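Trainee: A single structure is presented below for examination.
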Amino acid sequence: MPYKLFVVLFSCLLTACATSPTGRSQFIYMSDSELDQMGLQAFDNLKAEKPQSKNSQYTNFVICIAEAITHETGGDWEVIVFEDDSLNAFALPGNKIGVHTGLIKLVDNQDQLAAVIGHEVGHVLARHSNERMSQKAAVSQGIGLVSAVGNPTSPLGQLAVSSLGIGAQYGIILPFSRTHESEADIIGLDLMAKAGFDPRQSINLWQKMDQASKGQQPDEFMSTHPSHDTRINELSEHMPKAMQFYQQAQSIGKTPHCTK
Ligand SMILES: [Zn+2]
């Protein structure tokens, strides 16, 4: 092995370095299988605690959009619509997607919900939960963290579920950083466009979410996925590239018609 390559590999092993889909260096300590296990456990907990929607139109709407988007990522994804009026959606390692009925009521069209689901899947693809746990001194507690998801009200359990992005359910909110939000926005924008959804609707969606979260109730989604002043600018800057993906998708017949 050439000496330089050896040095690079060795230093990566020491620092647990990884690269995100947008080319950013990441500190990733835990294994993907550990994160998947945590995501599965957390999703099972939610399914046991929260009622699922019986509205088949809503469920079909969400599944139609999620299938088109996850077709672009590959893998089998489980999608559940929860009966909950809060404006929320999330995706977990282990390929799990949850959408609240409140968000379905808010969106005007398939493209706006595709923007949220794309953003959420973007967090998973970029391994943001792993990075959050790795940053929070998980080095000595990695194994404990995995099992702590089963006890989400314990201090370690709270660290685990909040790093997964669903801590609000258990009274603890850990907002994604601006770096993570920007990255999920860009990955999500490309994903929705490649699936044949109009990426321009992402801007309408974020404006709508901002407006809606100015109500009296602090909104769970906007607390864990904080908006920032530059979000719309960044989306607009990236829009020409996303529009190319959108037009390519349309030219090969990817034209989803998901209705609620
Ligand atoms: Zn986010």
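Quick note on naming: the chains in the structure tokens go A, B, ... in the order shown, residues restart at 1 in each chain, and ligands are numbered from 1 in order of appearance.
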Name the residues of segment 63-133 of chain A that fall into strand (DSSP E or B) according to DSSP on the backbone, using the chain letters and numbers of this document, as a PyMOL selection string.
Mentor: chain A and resi 78-82+89-92+96-100
Trainee: Write out as number ranges by chain each polymer residue (protein, DNA or RNA) that has an atom no more than 9 Å from ligand 1, with only C-alpha atoms and all ligand atoms counted.
Mentor: A: 90, 116, 119-120, 122-123, 165, 175-178, 180-185, 221-222, 224-227
Trainee: As an exercise, work out the distance from atom CA of Asp210 of chain A to atom CA of Ile80 of chain A in Å and give it to one decimal place.
Mentor: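 Answer for the atom CA of Asp210 of chain A to atom CA of Ile80 of chain A separation: 24.5 Å.
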Trainee: Quick one: residues within 10 Å of Ala168 of chain A, only C-alpha atoms counted, chain neighbours fewer than 2 positions away excluded, as a PyMOL selection string?
Mentor: chain A and resi 158+161-162+165-166+170-175+219-221+223-224
Trainee: Let me make sure I understand: among A:Gly102, A:Pro256, A:Pro21, A:Pro155, which one has the smallest atom-to-atom distance to Leu125 of chain A if we use only C-alpha atoms?
Mentor: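 Ranking A:Gly102, A:Pro256, A:Pro21, A:Pro155 by distance to Leu125 of chain A, first place goes to A:Pro21.
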Trainee: I'd like the contact shell of Gly253 of chain A - 12 Å cut-off, only C-alpha atoms, skipping same-chain residues fewer than 6 positions apart - returned as an MDAnalysis selection string.
Mentor: chainID A and resid 194:197 246:247
Trainee: Restricted to C-alpha atoms, what would the selected residues look like written as a tab-separated table (two decimals), in the first residue's frame?
Mentor:
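What follows is the written file selection.tsv:
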chain	number	residue	atom	x	y	z
A	194	LYS	CA	-35.44	13.59	-9.18
A	195	ALA	CA	-38.70	11.93	-8.09
A	196	GLY	CA	-40.66	14.32	-10.32
A	197	PHE	CA	-42.00	16.77	-7.71
A	246	TYR	CA	-37.09	17.95	-12.29
A	247	GLN	CA	-37.12	18.37	-16.07
Trainee: For His228 of chain A, which residue among A:Glu131, A:Gln37, A:Glu78, A:Thr179 is the nearest when counting only C-alpha atoms?
Mentor: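 Of A:Glu131, A:Gln37, A:Glu78, A:Thr179, the one nearest His228 of chain A, counting only C-alpha atoms, is A:Thr179.
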Trainee: Tell me which of A:Leu87, A:Ile28, A:Met133, A:Ala242 sits closest to Leu191 of chain A, counting only C-alpha atoms.
Mentor: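 Under the stated criterion, the closest residue is A:Ala242.
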Trainee: Among segment 70-210 of chain A, which residues does DSSP mark as helix (DSSP H, G or I) when it is run on the backbone? Keep the chain and numbering as in the structure and answer as number ranges by chain.
Mentor: A: 70-73, 101-106, 110-125, 128-135, 138-140, 142-148, 155-164, 167-170, 178-194, 201-210
Trainee: List the neighbours of Ala16 of chain A out to 9 Å using only C-alpha atoms; skip same-chain residues closer than 6 positions along the sequence, and give me the result as a VMD selection string.
Mentor: chain A and resid 26 to 30
Trainee: Quick one: residues within 9 Å of Leu106 of chain A, only C-alpha atoms counted, chain neighbours fewer than 5 positions away excluded, as number ranges by chain?
Mentor: A: 87, 101, 208-209, 212
Trainee: Which residue is closest to Ala249 of chain A? Choose from A:Leu46, A:Ala89, A:Ala68, A:Ile63 and count only C-alpha atoms.
Mentor: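 The shortest atom-to-atom distance to Ala249 of chain A comes from A:Ala68.
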Trainee: If you measure from atom CA of Gly157 of chain A to atom CA of Lys47 of chain A, what distance in Å do you get, rounded to one decimal?
Mentor: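 Spanning atom CA of Gly157 of chain A to atom CA of Lys47 of chain A is a straight-line distance of 17.3 Å.
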